[in-house]
Amino acid sequence: MENLIQAIEQLKKEKNALIMGHYYQRSEIQDIADYIGDSLALAQQAAKTTADIIVMCGVHFMGETAKVLCPEKKVLVPDMAAGCSLADSCPADKFEQFVKEHPGYTVISYVNTTAAVKALTDVVVTSTNARQIVESFPKDEKIIFGPDRNLGSYINSVTGRNMLIWDGACHVHEQFSVEKMVEIKKQHPRAVILAHPECKSAVLKLADVVGSTAALLKYAVAHPEKEYIVATEAGILHEMRKKCPQTTFIPAPPMDSTCGCNECSFMRLNTLEKLYNCLKNETPEITVDFAIAEKAVRPIRRMLEISA
Ligand code: 13P
């Protein structure tokens, strides 16, 4: 493993490459990345990098977002098969039909979508800025929100809006068991429950803090004396434990304990070996159809401007 890490570091320097990683990546990928962050931070970082090559250690839509923002750069992903169940739950042709059926609606899409869906969108959001961006529109604005039904319902509830919500979801965040979390809470009565807004409303009702991966991490870092039950993909625990080594973090369990599904199997497809090969061979490379990229870049840039 040491040799592999050295070889990656060497290639990275030779090729002026930037390795970015989401908090849901394997620990060893998070440790070697030049930059780790949530979906918003990764997009912000991609938009301003001077590197020639971006290696996006995350899932496919994150690579696409980087490519749309930096069409002149080479954007690589360690494993092209690293997809996203939430993005898959919103096929562009069906979403286009839905949008056409609702003329006069502003289209707000979560970043966990394909570039083709973003091309049909007025403004992109992430879990960090969804509330802020929705609230930047007048109260009576007619809004379509896609594709996450849990995040959409959560934003409706905290903003008093009535957005039309696409019926999509993340298979990992939908799996957390309220009953098991209540059991753990009985054993750790002082534990704070942290939950990502992609979780079902029953989990969010139980949570003390609801936020993006970056927001949950920030909360824990600000209150290291507490203990935590964490309802999001378990990869985030690596950075939480690194930043707060004395703190107890308990991953919220999924309903089916045999499936290991508080881990995203797509995120975990990226390995150090694949990262090395991808830097060495400069493949697999993300490409986005020019006509789609031209349209998709506008709602992403609009999001970055509002969040600046
Ligand atoms: P954030 O990165 O905004 O916390 O969202 C997590 C996620 O769903 C990534 O796919």
# chains A, B, ... in the order shown; residues from 1 in each chain; ligands from 1
call {"tool": "residues_near_ligand", "arguments": {"ligand": "ligand 1", "cutoff": "9 Å", "atoms": "only C-alpha atoms and all ligand atoms", "output": "PyMOL selection string"}}
result
chain A and resi 22-24+37-42+58-59+61-62+84+86+111-112+125-129+170+173+196-198+211-216+232-233+267
call {"tool": "write_last_selection", "arguments": {"atoms": "N, CA and C atoms", "output": "JSON list (two decimals), in the first residue's frame"}}
result
[["chain", "number", "residue", "atom", "x", "y", "z"],
["A", 22, "HIS", "N", -15.07, 12.63, -2.17],
["A", 22, "HIS", "CA", -16.25, 12.90, -1.33],
["A", 22, "HIS", "C", -16.06, 12.20, 0.01],
["A", 23, "TYR", "N", -16.76, 12.72, 1.03],
["A", 23, "TYR", "CA", -16.69, 12.13, 2.38],
["A", 23, "TYR", "C", -17.17, 10.67, 2.42],
["A", 24, "TYR", "N", -17.84, 10.21, 1.38],
["A", 24, "TYR", "CA", -18.33, 8.82, 1.38],
["A", 24, "TYR", "C", -17.31, 7.84, 0.78],
["A", 37, "GLY", "N", -14.52, 16.82, 0.48],
["A", 37, "GLY", "CA", -15.61, 17.73, 0.80],
["A", 37, "GLY", "C", -16.96, 17.13, 0.47],
["A", 38, "ASP", "N", -18.00, 17.95, 0.68],
["A", 38, "ASP", "CA", -19.35, 17.53, 0.29],
["A", 38, "ASP", "C", -19.56, 17.91, -1.19],
["A", 39, "SER", "N", -20.75, 17.65, -1.70],
["A", 39, "SER", "CA", -20.98, 17.85, -3.13],
["A", 39, "SER", "C", -20.78, 19.31, -3.53],
["A", 40, "LEU", "N", -21.19, 20.24, -2.68],
["A", 40, "LEU", "CA", -21.03, 21.66, -3.02],
["A", 40, "LEU", "C", -19.55, 22.03, -3.05],
["A", 41, "ALA", "N", -18.82, 21.64, -2.02],
["A", 41, "ALA", "CA", -17.40, 21.99, -1.94],
["A", 41, "ALA", "C", -16.62, 21.40, -3.11],
["A", 42, "LEU", "N", -16.99, 20.20, -3.54],
["A", 42, "LEU", "CA", -16.28, 19.58, -4.67],
["A", 42, "LEU", "C", -16.53, 20.38, -5.94],
["A", 58, "GLY", "N", -15.52, 9.88, -6.44],
["A", 58, "GLY", "CA", -16.89, 10.04, -5.96],
["A", 58, "GLY", "C", -17.74, 9.19, -6.88],
["A", 59, "VAL", "N", -18.90, 9.71, -7.25],
["A", 59, "VAL", "CA", -19.72, 8.97, -8.22],
["A", 59, "VAL", "C", -19.85, 9.78, -9.50],
["A", 61, "PHE", "N", -21.98, 11.45, -11.32],
["A", 61, "PHE", "CA", -22.51, 12.80, -11.51],
["A", 61, "PHE", "C", -21.54, 13.86, -10.99],
["A", 62, "MET", "N", -20.70, 13.50, -10.02],
["A", 62, "MET", "CA", -19.72, 14.46, -9.49],
["A", 62, "MET", "C", -18.65, 14.75, -10.54],
["A", 84, "CYS", "N", -25.14, 6.36, -9.21],
["A", 84, "CYS", "CA", -25.87, 6.91, -8.07],
["A", 84, "CYS", "C", -27.34, 6.50, -8.22],
["A", 86, "LEU", "N", -29.89, 7.61, -6.78],
["A", 86, "LEU", "CA", -30.77, 8.77, -6.82],
["A", 86, "LEU", "C", -30.78, 9.40, -8.22],
["A", 111, "VAL", "N", -28.10, 18.22, -7.01],
["A", 111, "VAL", "CA", -26.87, 17.95, -7.78],
["A", 111, "VAL", "C", -26.74, 16.46, -8.15],
["A", 112, "ASN", "N", -27.41, 15.59, -7.38],
["A", 112, "ASN", "CA", -27.34, 14.15, -7.67],
["A", 112, "ASN", "C", -28.24, 13.82, -8.87],
["A", 125, "VAL", "N", -29.14, 22.59, -6.80],
["A", 125, "VAL", "CA", -28.86, 22.77, -5.37],
["A", 125, "VAL", "C", -28.11, 21.55, -4.84],
["A", 126, "THR", "N", -27.47, 21.72, -3.70],
["A", 126, "THR", "CA", -26.93, 20.57, -2.97],
["A", 126, "THR", "C", -27.64, 20.56, -1.62],
["A", 127, "SER", "N", -27.31, 19.57, -0.79],
["A", 127, "SER", "CA", -27.98, 19.54, 0.52],
["A", 127, "SER", "C", -27.53, 20.70, 1.39],
["A", 128, "THR", "N", -26.37, 21.28, 1.10],
["A", 128, "THR", "CA", -25.89, 22.43, 1.88],
["A", 128, "THR", "C", -26.71, 23.69, 1.60],
["A", 129, "ASN", "N", -27.08, 23.90, 0.34],
["A", 129, "ASN", "CA", -27.69, 25.20, 0.00],
["A", 129, "ASN", "C", -29.14, 25.10, -0.48],
["A", 170, "CYS", "N", -32.45, 8.05, -2.55],
["A", 170, "CYS", "CA", -31.15, 7.38, -2.43],
["A", 170, "CYS", "C", -31.35, 6.08, -1.68],
["A", 173, "HIS", "N", -29.77, 6.14, 2.01],
["A", 173, "HIS", "CA", -30.41, 6.98, 3.04],
["A", 173, "HIS", "C", -31.82, 6.52, 3.38],
["A", 196, "HIS", "N", -28.77, 13.13, 7.53],
["A", 196, "HIS", "CA", -28.72, 13.80, 6.23],
["A", 196, "HIS", "C", -30.15, 13.93, 5.71],
["A", 197, "PRO", "N", -30.49, 15.06, 5.04],
["A", 197, "PRO", "CA", -31.88, 15.24, 4.61],
["A", 197, "PRO", "C", -32.36, 14.28, 3.51],
["A", 198, "GLU", "N", -31.48, 13.42, 3.01],
["A", 198, "GLU", "CA", -31.95, 12.37, 2.09],
["A", 198, "GLU", "C", -32.63, 11.22, 2.85],
["A", 211, "GLY", "N", -28.59, 17.93, 8.25],
["A", 211, "GLY", "CA", -27.72, 18.74, 7.39],
["A", 211, "GLY", "C", -26.92, 17.91, 6.43],
["A", 212, "SER", "N", -26.21, 18.60, 5.55],
["A", 212, "SER", "CA", -25.32, 17.95, 4.58],
["A", 212, "SER", "C", -24.18, 17.28, 5.33],
["A", 213, "THR", "N", -23.40, 16.50, 4.62],
["A", 213, "THR", "CA", -22.25, 15.85, 5.27],
["A", 213, "THR", "C", -21.33, 16.90, 5.90],
["A", 214, "ALA", "N", -21.10, 18.00, 5.18],
["A", 214, "ALA", "CA", -20.22, 19.04, 5.71],
["A", 214, "ALA", "C", -20.83, 19.68, 6.97],
["A", 215, "ALA", "N", -22.15, 19.88, 6.95],
["A", 215, "ALA", "CA", -22.81, 20.50, 8.10],
["A", 215, "ALA", "C", -22.78, 19.57, 9.32],
["A", 216, "LEU", "N", -22.98, 18.28, 9.10],
["A", 216, "LEU", "CA", -22.96, 17.32, 10.21],
["A", 216, "LEU", "C", -21.56, 17.24, 10.82],
["A", 232, "THR", "N", -26.15, 8.84, 7.99],
["A", 232, "THR", "CA", -25.79, 9.12, 6.59],
["A", 232, "THR", "C", -24.80, 8.03, 6.20],
["A", 233, "GLU", "N", -24.35, 8.04, 4.97],
["A", 233, "GLU", "CA", -23.42, 7.00, 4.51],
["A", 233, "GLU", "C", -22.21, 6.96, 5.46],
["A", 267, "MET", "N", -19.99, 4.22, -4.26],
["A", 267, "MET", "CA", -18.89, 5.05, -3.76],
["A", 267, "MET", "C", -17.65, 4.20, -3.49]]
call {"tool": "closest_residue", "arguments": {"among": "A:Ala291, A:Cys278, A:Ala234, A:Ile155", "to": "A:Lys15", "atoms": "only C-alpha atoms"}}
result
A:Cys278
call {"tool": "atom_distance", "arguments": {"atom1": "atom CA of A:Lys218", "atom2": "atom CA of A:Arg26"}}
result
20.0 Å
call {"tool": "atom_distance", "arguments": {"atom1": "atom CA of A:Leu151", "atom2": "atom CA of A:Leu237"}}
result
21.4 Å
call {"tool": "closest_atom_pairs", "arguments": {"of": "stretch 56-113 of chain A", "to": "stretch 296-307 of chain A", "cutoff": "12 Å", "atoms": "only C-alpha atoms", "output": "JSON lines"}}
result
{"residue": "A:Phe61", "atom": "CA", "partner": "A:Ala296", "partner_atom": "CA", "distance": 11.9}
{"residue": "A:Met62", "atom": "CA", "partner": "A:Ile300", "partner_atom": "CA", "distance": 11.8}
{"residue": "A:Glu64", "atom": "CA", "partner": "A:Ala296", "partner_atom": "CA", "distance": 9.9}
{"residue": "A:Thr65", "atom": "CA", "partner": "A:Ile300", "partner_atom": "CA", "distance": 7.9}
{"residue": "A:Ala66", "atom": "CA", "partner": "A:Val297", "partner_atom": "CA", "distance": 9.9}
{"residue": "A:Lys67", "atom": "CA", "partner": "A:Val297", "partner_atom": "CA", "distance": 9.5}
{"residue": "A:Val68", "atom": "CA", "partner": "A:Val297", "partner_atom": "CA", "distance": 5.8}
{"residue": "A:Leu69", "atom": "CA", "partner": "A:Val297", "partner_atom": "CA", "distance": 6.3}
{"residue": "A:Cys70", "atom": "CA", "partner": "A:Val297", "partner_atom": "CA", "distance": 9.5}
{"residue": "A:Pro71", "atom": "CA", "partner": "A:Val297", "partner_atom": "CA", "distance": 9.9}
{"residue": "A:Thr106", "atom": "CA", "partner": "A:Pro299", "partner_atom": "CA", "distance": 11.4}
{"residue": "A:Val107", "atom": "CA", "partner": "A:Pro299", "partner_atom": "CA", "distance": 9.6}
{"residue": "A:Ile108", "atom": "CA", "partner": "A:Pro299", "partner_atom": "CA", "distance": 8.7}
{"residue": "A:Ser109", "atom": "CA", "partner": "A:Pro299", "partner_atom": "CA", "distance": 8.8}
{"residue": "A:Tyr110", "atom": "CA", "partner": "A:Ile300", "partner_atom": "CA", "distance": 10.2}
{"residue": "A:Val111", "atom": "CA", "partner": "A:Ile300", "partner_atom": "CA", "distance": 8.4}
{"residue": "A:Asn112", "atom": "CA", "partner": "A:Ile300", "partner_atom": "CA", "distance": 11.9}
{"residue": "A:Thr113", "atom": "CA", "partner": "A:Ala296", "partner_atom": "CA", "distance": 10.7}
call {"tool": "write_last_selection", "arguments": {"atoms": "C-alpha atoms", "output": "PDB file, in the first residue's frame"}}
result
ATOM      1  CA  PHE A  61     -22.513  12.802 -11.508  1.00  0.00           C
ATOM      2  CA  MET A  62     -19.722  14.464  -9.489  1.00  0.00           C
ATOM      3  CA  GLU A  64     -19.865  15.205 -14.817  1.00  0.00           C
ATOM      4  CA  THR A  65     -20.370  18.364 -12.739  1.00  0.00           C
ATOM      5  CA  ALA A  66     -16.598  18.953 -12.719  1.00  0.00           C
ATOM      6  CA  LYS A  67     -16.401  18.368 -16.494  1.00  0.00           C
ATOM      7  CA  VAL A  68     -19.309  20.720 -17.207  1.00  0.00           C
ATOM      8  CA  LEU A  69     -17.598  23.406 -15.101  1.00  0.00           C
ATOM      9  CA  CYS A  70     -14.161  22.775 -16.631  1.00  0.00           C
ATOM     10  CA  PRO A  71     -14.712  21.556 -20.216  1.00  0.00           C
ATOM     11  CA  THR A 106     -39.184  26.919 -11.995  1.00  0.00           C
ATOM     12  CA  VAL A 107     -37.110  23.733 -12.048  1.00  0.00           C
ATOM     13  CA  ILE A 108     -34.784  23.134  -9.110  1.00  0.00           C
ATOM     14  CA  SER A 109     -32.652  19.997  -9.283  1.00  0.00           C
ATOM     15  CA  TYR A 110     -30.494  18.367  -6.678  1.00  0.00           C
ATOM     16  CA  VAL A 111     -26.874  17.949  -7.779  1.00  0.00           C
ATOM     17  CA  ASN A 112     -27.345  14.149  -7.672  1.00  0.00           C
ATOM     18  CA  THR A 113     -28.603  14.148 -11.276  1.00  0.00           C
TER      19      THR A 113
END
call {"tool": "select_by_dssp", "arguments": {"residues": "stretch 48-200 of chain A", "states": "strand (DSSP E)", "output": "PyMOL selection string"}}
result
chain A and resi 53-57+74-76+106-110+123-125+143-146+164-165+192-195
call {"tool": "write_last_selection", "arguments": {"atoms": "C-alpha atoms", "output": "PDB file, in the first residue's frame"}}
result
ATOM      1  CA  ILE A  53      -6.361  16.880 -14.655  1.00  0.00           C
ATOM      2  CA  ILE A  54      -9.116  16.414 -12.094  1.00  0.00           C
ATOM      3  CA  VAL A  55      -9.516  12.937 -10.639  1.00  0.00           C
ATOM      4  CA  MET A  56     -12.954  12.825  -9.081  1.00  0.00           C
ATOM      5  CA  CYS A  57     -13.177  10.122  -6.447  1.00  0.00           C
ATOM      6  CA  LYS A  74      -9.406  16.179 -18.379  1.00  0.00           C
ATOM      7  CA  VAL A  75     -11.745  14.765 -15.737  1.00  0.00           C
ATOM      8  CA  LEU A  76     -11.039  11.190 -14.699  1.00  0.00           C
ATOM      9  CA  THR A 106     -39.184  26.919 -11.995  1.00  0.00           C
ATOM     10  CA  VAL A 107     -37.110  23.733 -12.048  1.00  0.00           C
ATOM     11  CA  ILE A 108     -34.784  23.134  -9.110  1.00  0.00           C
ATOM     12  CA  SER A 109     -32.652  19.997  -9.283  1.00  0.00           C
ATOM     13  CA  TYR A 110     -30.494  18.367  -6.678  1.00  0.00           C
ATOM     14  CA  VAL A 123     -30.951  26.130 -10.720  1.00  0.00           C
ATOM     15  CA  VAL A 124     -29.047  23.240  -9.141  1.00  0.00           C
ATOM     16  CA  VAL A 125     -28.862  22.769  -5.368  1.00  0.00           C
ATOM     17  CA  ILE A 143     -41.386  25.096  -8.207  1.00  0.00           C
ATOM     18  CA  ILE A 144     -40.603  21.595  -9.419  1.00  0.00           C
ATOM     19  CA  PHE A 145     -38.020  19.947  -7.164  1.00  0.00           C
ATOM     20  CA  GLY A 146     -36.213  16.824  -8.308  1.00  0.00           C
ATOM     21  CA  LEU A 164     -43.933  19.614  -6.722  1.00  0.00           C
ATOM     22  CA  ILE A 165     -41.528  16.801  -5.915  1.00  0.00           C
ATOM     23  CA  VAL A 192     -27.070  13.547  19.476  1.00  0.00           C
ATOM     24  CA  ILE A 193     -28.692  12.176  16.311  1.00  0.00           C
ATOM     25  CA  LEU A 194     -27.205  13.615  13.115  1.00  0.00           C
ATOM     26  CA  ALA A 195     -29.119  12.945   9.886  1.00  0.00           C
TER      27      ALA A 195
END
call {"tool": "atom_distance", "arguments": {"atom1": "atom CA of A:Gly104", "atom2": "atom CA of A:Leu120"}}
result
13.5 Å
call {"tool": "closest_residue", "arguments": {"among": "A:Glu225, A:Glu9, A:Glu263, A:Asp88", "to": "A:Asp167", "atoms": "only C-alpha atoms"}}
result
A:Asp88
call {"tool": "closest_residue", "arguments": {"among": "A:Ile229, A:Ile292, A:Asp256, A:Pro224", "to": "A:Lys243", "atoms": "only C-alpha atoms"}}
result
A:Pro224
call {"tool": "closest_residue", "arguments": {"among": "A:Asp79, A:Glu72, A:Glu28, A:Asp34", "to": "A:Asn270", "atoms": "only C-alpha atoms"}}
result
A:Asp79
call {"tool": "select_by_dssp", "arguments": {"residues": "stretch 16-92 of chain A", "states": "alpha helix (DSSP H)", "output": "PyMOL selection string"}}
result
chain A and resi 27-32+39-48+60-69+85-88+92
call {"tool": "closest_residue", "arguments": {"among": "A:Val288, A:Ala252, A:Val172, A:Cys244", "to": "A:Ala191", "atoms": "only C-alpha atoms"}}
result
A:Ala252
call {"tool": "residues_around", "arguments": {"residues": "A:Gln246", "least_positions_apart": "2", "cutoff": "12 Å", "atoms": "only C-alpha atoms", "output": "ChimeraX atom specification"}}
result
/A:220-221,223-228,240-244,248-249
call {"tool": "write_last_selection", "arguments": {"atoms": "N, CA, C and O atoms", "output": "compact mmCIF listing (two decimals), in the first residue's frame"}}
result
# COMPACT_ATOMS: atom_id res chain seq x y z
N ALA A 220 -20.30 18.28 14.69
CA ALA A 220 -19.55 17.38 15.58
C ALA A 220 -18.23 18.02 16.01
O ALA A 220 -17.84 17.93 17.18
N VAL A 221 -17.56 18.68 15.08
CA VAL A 221 -16.27 19.31 15.40
C VAL A 221 -16.48 20.43 16.43
O VAL A 221 -15.65 20.63 17.33
N HIS A 223 -18.75 20.41 18.71
CA HIS A 223 -19.22 19.85 20.01
C HIS A 223 -18.61 18.46 20.23
O HIS A 223 -19.32 17.47 20.31
N PRO A 224 -17.27 18.41 20.34
CA PRO A 224 -16.63 17.09 20.44
C PRO A 224 -16.93 16.37 21.75
O PRO A 224 -16.70 15.16 21.87
N GLU A 225 -17.46 17.09 22.75
CA GLU A 225 -17.72 16.47 24.05
C GLU A 225 -18.97 15.59 24.01
O GLU A 225 -19.19 14.78 24.90
N LYS A 226 -19.79 15.70 22.96
CA LYS A 226 -21.02 14.90 22.90
C LYS A 226 -20.73 13.55 22.23
O LYS A 226 -19.64 13.34 21.71
N GLU A 227 -21.72 12.64 22.23
CA GLU A 227 -21.59 11.44 21.39
C GLU A 227 -22.68 11.47 20.33
O GLU A 227 -23.70 12.15 20.50
N TYR A 228 -22.46 10.71 19.26
CA TYR A 228 -23.32 10.89 18.09
C TYR A 228 -23.79 9.57 17.49
O TYR A 228 -23.04 8.59 17.42
N MET A 240 -14.95 12.32 10.65
CA MET A 240 -15.43 12.70 11.99
C MET A 240 -14.47 12.18 13.06
O MET A 240 -14.10 12.91 13.99
N ARG A 241 -14.06 10.92 12.90
CA ARG A 241 -13.16 10.33 13.92
C ARG A 241 -11.77 10.94 13.85
O ARG A 241 -11.09 11.07 14.87
N LYS A 242 -11.34 11.33 12.63
CA LYS A 242 -10.03 11.98 12.49
C LYS A 242 -10.04 13.33 13.20
O LYS A 242 -9.10 13.70 13.89
N LYS A 243 -11.12 14.07 12.97
CA LYS A 243 -11.21 15.43 13.54
C LYS A 243 -11.52 15.40 15.04
O LYS A 243 -11.15 16.31 15.77
N CYS A 244 -12.23 14.36 15.49
CA CYS A 244 -12.64 14.28 16.91
C CYS A 244 -12.28 12.88 17.44
O CYS A 244 -13.17 12.03 17.64
N THR A 248 -17.32 9.57 20.55
CA THR A 248 -17.96 8.32 20.10
C THR A 248 -18.93 8.63 18.96
O THR A 248 -19.83 9.46 19.11
N PHE A 249 -18.72 7.97 17.82
CA PHE A 249 -19.63 8.08 16.69
C PHE A 249 -20.20 6.71 16.40
O PHE A 249 -19.44 5.75 16.17
call {"tool": "closest_residue", "arguments": {"among": "A:Asn277, A:Thr247, A:Tyr219, A:Val117", "to": "A:Lys295", "atoms": "only C-alpha atoms"}}
result
A:Val117
